[in-house]
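S.K.: Provided herewith: target30.cif, mmCIF, C-alpha atoms and all ligand atoms.
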data_protein
loop_
_atom_site.label_atom_id
_atom_site.label_comp_id
_atom_site.auth_asym_id
_atom_site.auth_seq_id
_atom_site.Cartn_x
_atom_site.Cartn_y
_atom_site.Cartn_z
CA MET L 30 -3.97 19.27 -22.32
CA ASN L 31 -2.97 22.91 -22.73
CA VAL L 32 0.23 24.47 -21.43
CA TYR L 33 -1.41 26.18 -18.43
CA GLU L 34 -3.05 22.95 -17.38
CA ALA L 35 0.25 21.08 -17.60
CA ALA L 36 2.16 23.80 -15.74
CA THR L 37 -0.35 23.96 -12.89
CA LYS L 38 -1.28 20.28 -12.54
CA ARG L 39 2.23 18.82 -12.75
CA ARG L 40 3.69 17.66 -9.45
CA SER L 41 6.96 15.93 -8.68
CA ILE L 42 6.48 12.16 -8.62
CA ARG L 43 8.75 9.77 -6.74
CA ARG L 44 6.91 6.43 -6.97
CA PHE L 45 6.32 4.77 -10.32
CA GLU L 46 4.37 1.88 -11.83
CA ASP L 47 6.32 -1.27 -12.57
CA LYS L 48 5.99 -0.61 -16.29
CA PRO L 49 8.72 0.23 -18.81
CA VAL L 50 8.71 3.59 -20.60
CA PRO L 51 9.22 3.36 -24.38
CA TYR L 52 12.33 5.10 -25.67
CA GLU L 53 10.29 7.06 -28.26
CA VAL L 54 8.31 8.77 -25.51
CA LEU L 55 11.47 9.77 -23.65
CA GLN L 56 13.02 10.94 -26.92
CA LYS L 57 10.01 13.21 -27.56
CA CYS L 58 10.58 14.82 -24.15
CA VAL L 59 14.24 15.50 -24.94
CA ASP L 60 13.22 16.93 -28.30
CA ALA L 61 11.16 19.49 -26.38
CA GLY L 62 14.11 20.06 -24.02
CA ARG L 63 16.62 20.76 -26.76
CA LEU L 64 14.37 23.51 -28.19
CA ALA L 65 14.14 25.39 -24.89
CA PRO L 66 15.59 28.90 -24.60
CA SER L 67 19.39 28.91 -24.29
CA GLY L 68 21.62 31.84 -23.36
CA ARG L 69 23.20 33.25 -26.56
CA ASN L 70 21.68 30.13 -28.17
CA GLN L 71 24.93 28.31 -27.32
CA GLN L 72 23.09 25.05 -26.49
CA VAL L 73 25.75 23.67 -24.17
CA CYS L 74 23.35 21.06 -22.73
CA GLU L 75 23.21 17.51 -24.01
CA PHE L 76 20.96 14.72 -22.81
CA ILE L 77 21.28 11.06 -21.87
CA ILE L 78 18.17 8.89 -21.72
CA VAL L 79 18.42 5.80 -19.55
CA ASN L 80 15.67 3.16 -19.65
CA ASP L 81 17.67 -0.07 -19.85
CA ALA L 82 16.35 -2.40 -17.12
CA GLU L 83 19.90 -3.40 -16.13
CA LEU L 84 21.07 0.19 -15.76
CA LEU L 85 18.06 1.41 -13.74
CA PRO L 86 19.24 -0.01 -10.37
CA GLU L 87 22.74 1.36 -10.95
CA MET L 88 21.29 4.80 -11.67
CA PHE L 89 19.06 4.60 -8.59
CA ASP L 90 22.21 4.11 -6.49
CA THR L 91 23.56 7.46 -7.74
CA ILE L 92 20.69 9.65 -6.50
CA GLY L 93 19.44 10.87 -3.12
CA GLY L 94 16.78 12.99 -1.46
CA SER L 95 13.07 12.25 -0.98
CA VAL L 96 13.11 9.70 -3.78
CA LYS L 97 15.14 7.51 -1.39
CA MET L 98 12.72 7.78 1.56
CA PRO L 99 11.54 4.45 2.99
CA PRO L 100 8.20 3.24 1.52
CA GLU L 101 6.25 4.03 4.71
CA LYS L 102 7.37 7.67 4.34
CA GLY L 103 6.39 7.93 0.68
CA GLY L 104 9.51 6.54 -0.97
CA PRO L 105 9.28 3.80 -3.60
CA ARG L 106 9.19 0.08 -2.95
CA PRO L 107 11.84 -1.67 -5.10
CA GLU L 108 9.30 -2.28 -7.90
CA ASN L 109 8.23 1.39 -7.85
CA THR L 110 11.64 2.96 -8.38
CA PRO L 111 12.12 5.18 -11.50
CA LYS L 112 11.75 3.51 -14.88
CA GLY L 113 13.69 6.14 -16.76
CA TYR L 114 16.26 8.88 -16.27
CA PHE L 115 16.99 12.05 -18.19
CA VAL L 116 20.52 13.16 -17.41
CA ILE L 117 21.27 16.70 -18.57
CA VAL L 118 24.99 17.04 -19.18
CA ILE L 119 27.02 20.18 -19.81
CA ASN L 120 29.48 20.22 -22.69
CA ARG L 121 32.37 22.26 -21.21
CA LEU L 122 34.03 22.62 -24.62
CA LEU L 123 30.96 24.49 -25.91
CA GLU L 124 30.68 26.42 -22.68
CA GLU L 125 34.23 27.75 -23.30
CA ASP L 126 34.31 30.26 -20.43
CA PRO L 127 33.81 28.86 -16.88
CA ASN L 128 31.97 32.11 -16.08
CA ARG L 129 29.24 30.96 -18.44
CA ARG L 130 28.16 28.39 -15.82
CA ARG L 131 25.78 30.94 -14.29
CA ILE L 132 23.93 31.09 -17.64
CA THR L 133 24.18 27.33 -18.11
CA LEU L 134 22.25 26.75 -14.90
CA TYR L 135 19.35 28.76 -16.35
CA ASP L 136 19.61 26.76 -19.61
CA ILE L 137 19.36 23.53 -17.62
CA GLY L 138 16.27 24.76 -15.79
CA MET L 139 14.56 25.80 -19.02
CA ALA L 140 15.34 22.50 -20.76
CA ALA L 141 14.31 20.53 -17.69
CA GLU L 142 10.87 22.13 -17.47
CA ASN L 143 10.23 21.50 -21.19
CA ILE L 144 11.14 17.86 -20.63
CA ILE L 145 9.02 17.55 -17.51
CA LEU L 146 5.91 19.18 -19.02
CA THR L 147 6.14 17.11 -22.20
CA ALA L 148 6.54 13.99 -20.08
CA PHE L 149 3.46 15.03 -18.08
CA GLU L 150 1.43 15.38 -21.25
CA GLU L 151 2.57 11.86 -22.18
CA GLY L 152 1.22 10.50 -18.89
CA LEU L 153 4.60 10.31 -17.17
CA GLY L 154 5.59 11.68 -13.78
CA CYS L 155 8.99 13.26 -13.17
CA CYS L 156 11.12 14.59 -10.35
CA PRO L 157 14.20 16.77 -10.83
CA ILE L 158 17.06 15.49 -8.68
CA MET L 159 19.89 17.76 -7.54
CA MET L 160 21.18 15.23 -5.03
CA PHE L 161 23.27 12.96 -7.23
CA LYS L 162 26.76 11.49 -7.18
CA GLU L 163 28.42 13.02 -10.21
CA GLU L 164 31.38 10.66 -10.48
CA ALA L 165 29.16 7.61 -10.03
CA ILE L 166 26.85 8.73 -12.86
CA LYS L 167 29.83 9.42 -15.12
CA SER L 168 31.14 5.95 -14.43
CA VAL L 169 27.79 4.16 -14.95
CA LEU L 170 27.08 6.00 -18.21
CA GLY L 171 30.63 6.45 -19.54
CA VAL L 172 30.38 10.24 -19.67
CA PRO L 173 33.54 11.81 -21.18
CA GLU L 174 35.89 14.04 -19.15
CA ASP L 175 34.79 17.23 -20.93
CA TYR L 176 31.25 16.94 -19.60
CA ASP L 177 29.72 17.82 -16.23
CA ILE L 178 26.45 16.45 -14.94
CA GLY L 179 23.90 19.28 -14.75
CA LEU L 180 20.69 17.66 -13.52
CA VAL L 181 19.03 14.28 -13.24
CA ILE L 182 15.28 13.89 -13.85
CA VAL L 183 13.69 10.60 -12.81
CA THR L 184 10.59 9.44 -14.62
CA GLY L 185 8.03 6.69 -15.08
CA TYR L 186 4.27 6.20 -14.99
CA PRO L 187 3.03 7.65 -11.66
CA GLU L 188 2.09 5.32 -8.85
CA GLU L 189 1.39 8.13 -6.39
CA THR L 190 -0.87 11.12 -5.98
CA SER L 191 0.57 14.50 -5.14
CA VAL L 192 -1.58 17.56 -4.52
CA ALA L 193 -0.72 21.24 -4.36
CA GLU L 194 -2.26 23.06 -1.38
CA VAL L 195 -2.22 26.59 0.00
CA ALA L 196 0.83 27.07 2.19
CA THR L 197 0.08 28.43 5.64
CA ASP L 198 3.00 28.38 8.05
CA SER L 199 5.42 26.12 6.13
CA THR L 200 6.30 25.15 2.57
CA THR L 201 7.66 21.76 3.57
CA GLY L 202 5.88 18.94 1.76
CA TRP L 203 4.50 15.97 3.64
CA VAL L 204 3.04 12.52 3.03
CA ASP L 205 -0.22 11.41 4.71
CA GLU L 206 -1.23 7.95 6.00
CA ASN L 207 -2.53 7.02 2.52
CA LEU L 208 0.87 7.95 1.06
CA VAL L 209 -0.65 10.97 -0.72
CA ARG L 210 1.95 13.72 -1.07
CA HIS L 211 0.94 17.27 -0.06
CA VAL L 212 2.85 20.20 -1.55
CA PRO L 213 2.19 23.61 0.05
CA LYS L 214 2.44 26.46 -2.44
CA ARG L 215 2.49 30.15 -1.52
CA LYS L 216 -0.66 32.03 -2.58
CA LEU L 217 -0.65 34.07 -5.80
CA GLU L 218 -1.62 37.26 -3.96
CA ASP L 219 1.27 36.77 -1.50
CA ILE L 220 3.94 36.60 -4.20
CA LEU L 221 2.58 38.71 -7.06
CA HIS L 222 3.31 42.43 -7.28
CA HIS L 223 1.66 44.57 -9.95
CA ASN L 224 3.30 47.65 -11.47
CA GLY L 225 5.78 47.89 -8.59
CA PHE L 226 6.62 45.99 -5.42
C1 LIG L 301 16.51 22.47 -8.69
C2 LIG L 301 15.67 21.40 -8.04
C3 LIG L 301 16.29 20.33 -7.40
C4 LIG L 301 15.53 19.30 -6.81
N1 LIG L 301 16.17 18.25 -6.24
C5 LIG L 301 15.44 17.24 -5.69
C6 LIG L 301 16.10 16.10 -5.12
O1 LIG L 301 17.33 15.99 -5.11
N2 LIG L 301 15.33 15.12 -4.60
C7 LIG L 301 13.96 15.19 -4.62
O2 LIG L 301 13.31 14.26 -4.15
N3 LIG L 301 13.30 16.27 -5.14
C8 LIG L 301 14.02 17.29 -5.68
N4 LIG L 301 13.38 18.37 -6.25
C9 LIG L 301 11.91 18.42 -6.29
C10 LIG L 301 11.34 19.41 -5.27
O3 LIG L 301 11.41 18.82 -3.99
C11 LIG L 301 9.88 19.71 -5.66
O4 LIG L 301 9.88 20.41 -6.89
C12 LIG L 301 9.18 20.56 -4.59
O5 LIG L 301 8.98 19.79 -3.42
C13 LIG L 301 7.82 21.09 -5.07
O6 LIG L 301 6.98 20.03 -5.47
P1 LIG L 301 6.32 19.99 -6.93
O7 LIG L 301 7.45 19.79 -7.90
O8 LIG L 301 5.40 18.83 -6.87
O9 LIG L 301 5.63 21.28 -7.17
C14 LIG L 301 14.12 19.39 -6.84
C15 LIG L 301 13.51 20.48 -7.48
C16 LIG L 301 14.27 21.46 -8.09
C17 LIG L 301 13.60 22.61 -8.81
#
Just dump the structure as structure tokens.
M.R.:
Amino acid sequence: MNVYEAATKRRSIRRFEDKPVPYEVLQKCVDAGRLAPSGRNQQVCEFIIVNDAELLPEMFDTIGGSVKMPPEKGGPRPENTPKGYFVIVINRLLEEDPNRRRITLYDIGMAAENIILTAFEEGLGCCPIMMFKEEAIKSVLGVPEDYDIGLVIVTGYPEETSVAEVATDSTTGWVDENLVRHVPKRKLEDILHHNGF
């Protein structure tokens, strides 16, 4: 799989096979994440991998959004919940200046996409999750005071199909009667400007 293929074929996945994900595979994804571009190369992001079967339900309680939809609306049945979590944490001591947070958010996005694309190449599906309970995650994972939670990425082997389609009137995704996810994307010619707006 080449980079273009991964970037264009990847979709967010919210239902997963009931199959564990080896730590080595998740570690490879984080290795790609840590080498992502970083503002001033300060590398304030650190990463927690969670794939312990006992921790997975506790982690699932800390997140929200579409991944928590009921099964008939495309959410996971209990056996299809995420089988791994990447938690991107921000080391505030390295960040030094609170005004750096604006840059840190870009760093998180860059690292996250490296992780997600590497996971995709490894046969995994992912979904970035902004809706999370920060204090609950810190408590479950024992995250020290000097760290903030930047982003959660759920992962596992996909148990759903998600297809990108041309957006017409709306960009809101939807799930059909076969539980296939449809993701409207704006057309290239509608968003691309060449040599000026
Ligand atoms: C910054 C960010 C935060 C997101 N947060 C959530 C979330 O909390 N819950 C969720 O189910 N999906 C979340 N998503 C996934 C988006 O819903 C998804 O990327 C979008 O619907 C487009 O689908 P695609 O990723 O398949 O292209 C998030 C995506 C991004 C980039």
S.K.: Taking only C-alpha atoms and all ligand atoms into account, list the residues no farther than 6 Å from ligand LIG 301 (chain L), as a CSV table (one decimal) with C-alpha atoms, in the coordinates of the input.
M.R.:
chain,number,residue,atom,x,y,z
L,40,ARG,CA,3.7,17.7,-9.4
L,41,SER,CA,7.0,15.9,-8.7
L,93,GLY,CA,19.4,10.9,-3.1
L,94,GLY,CA,16.8,13.0,-1.5
L,95,SER,CA,13.1,12.2,-1.0
L,96,VAL,CA,13.1,9.7,-3.8
L,156,CYS,CA,11.1,14.6,-10.4
L,157,PRO,CA,14.2,16.8,-10.8
L,158,ILE,CA,17.1,15.5,-8.7
L,159,MET,CA,19.9,17.8,-7.5
L,160,MET,CA,21.2,15.2,-5.0
L,212,VAL,CA,2.8,20.2,-1.6
S.K.: Of the residues L:Val73, L:Ser168, L:His222, L:Asp90, which is the one nearest to L:Leu122, using all atoms listed in the file?
M.R.: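 Of L:Val73, L:Ser168, L:His222, L:Asp90, the one nearest L:Leu122, counting all atoms listed in the file, is L:Val73.
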S.K.: Once you add 8 Å to each side, what are the centre and edge lengths of the axis-aligned box holding all listed atoms of stretch 176-187 of chain L? One decimal in Å, as JSON, if you can.
M.R.:
{"center_x": 17.1, "center_y": 12.7, "center_z": -15.6, "size_x": 44.2, "size_y": 29.1, "size_z": 23.9}
S.K.: Just checking: using only C-alpha atoms, which residue out of L:Ile178, L:Ala36, L:Val204, L:Ile132 ends up closest to L:Gly68?
M.R.: L:Ile132
S.K.: Could you please determine the separation between atom CA of L:Ala61 and atom CA of L:Tyr135 in Å, to one decimal place?
M.R.: 15.9 Å
S.K.: Quick one: distance from atom CA of L:Tyr186 to atom CA of L:Arg210 in Å, one decimal?
M.R.: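 Here the two named atoms are 16.0 Å from each other.
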S.K.: Would you pick out the contacts of stretch 51-56 of chain L at 9 Å or less, using all atoms listed in the file, so that residues sharing its chain but fewer than 6 positions from it are not included, and give the list as a PyMOL selection string?
M.R.: chain L and resi 78-80+113-115+144+148+151
S.K.: Which residue out of L:Ile77, L:Ile42, L:Leu123, L:Val59 has the minimum interatomic distance to L:Glu189 when only C-alpha atoms are used?
M.R.: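 Checking each candidate against L:Glu189, we get L:Ile42 as the closest.
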S.K.: Near L:Asp136, within 8 Å and counting all atoms listed in the file, which residues show up once chain neighbours fewer than 4 positions away are dropped, as an NGL selection string?
M.R.: :L and (65-68 or 72 or 74 or 132 or 140)
S.K.: Between L:Glu206, L:Asp198, L:Glu188, L:Glu34, which has the minimum distance to L:Gly154 (counting all atoms listed in the file)?
M.R.: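 Comparing L:Glu206, L:Asp198, L:Glu188, L:Glu34 against L:Gly154, the winner is L:Glu188.
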S.K.: From the list L:Ile117, L:Asn70, L:Gly152, L:Ile220, which residue is nearest L:Thr184 when using only C-alpha atoms?
M.R.: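 Ranked by minimum distance to L:Thr184, first place goes to L:Gly152.
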S.K.: Find the residues near L:Glu142: any atom within 9 Å, counting only C-alpha atoms, skip ones fewer than 5 places away on the same chain, and give them as an NGL selection string.
M.R.: :L and (62 or 65 or 137 or 147)
S.K.: One number please: atom CA of L:Pro49 to atom CA of L:Leu170, in Å, one decimal.
M.R.: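 Separation between atom CA of L:Pro49 and atom CA of L:Leu170: 19.3 Å.
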S.K.: Could you give me, as a list in words, the residues that sit within 10 Å of (-2.5, 25.2, 5.2) in the file's coordinates, counting all atoms listed in the file?
M.R.: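 Checking each residue against the 10 Å limit leaves Glu194, Val195, Ala196, Thr197, Asp198, Ser199, Thr200, Val212, Pro213, Lys214 and Arg215 of chain L.
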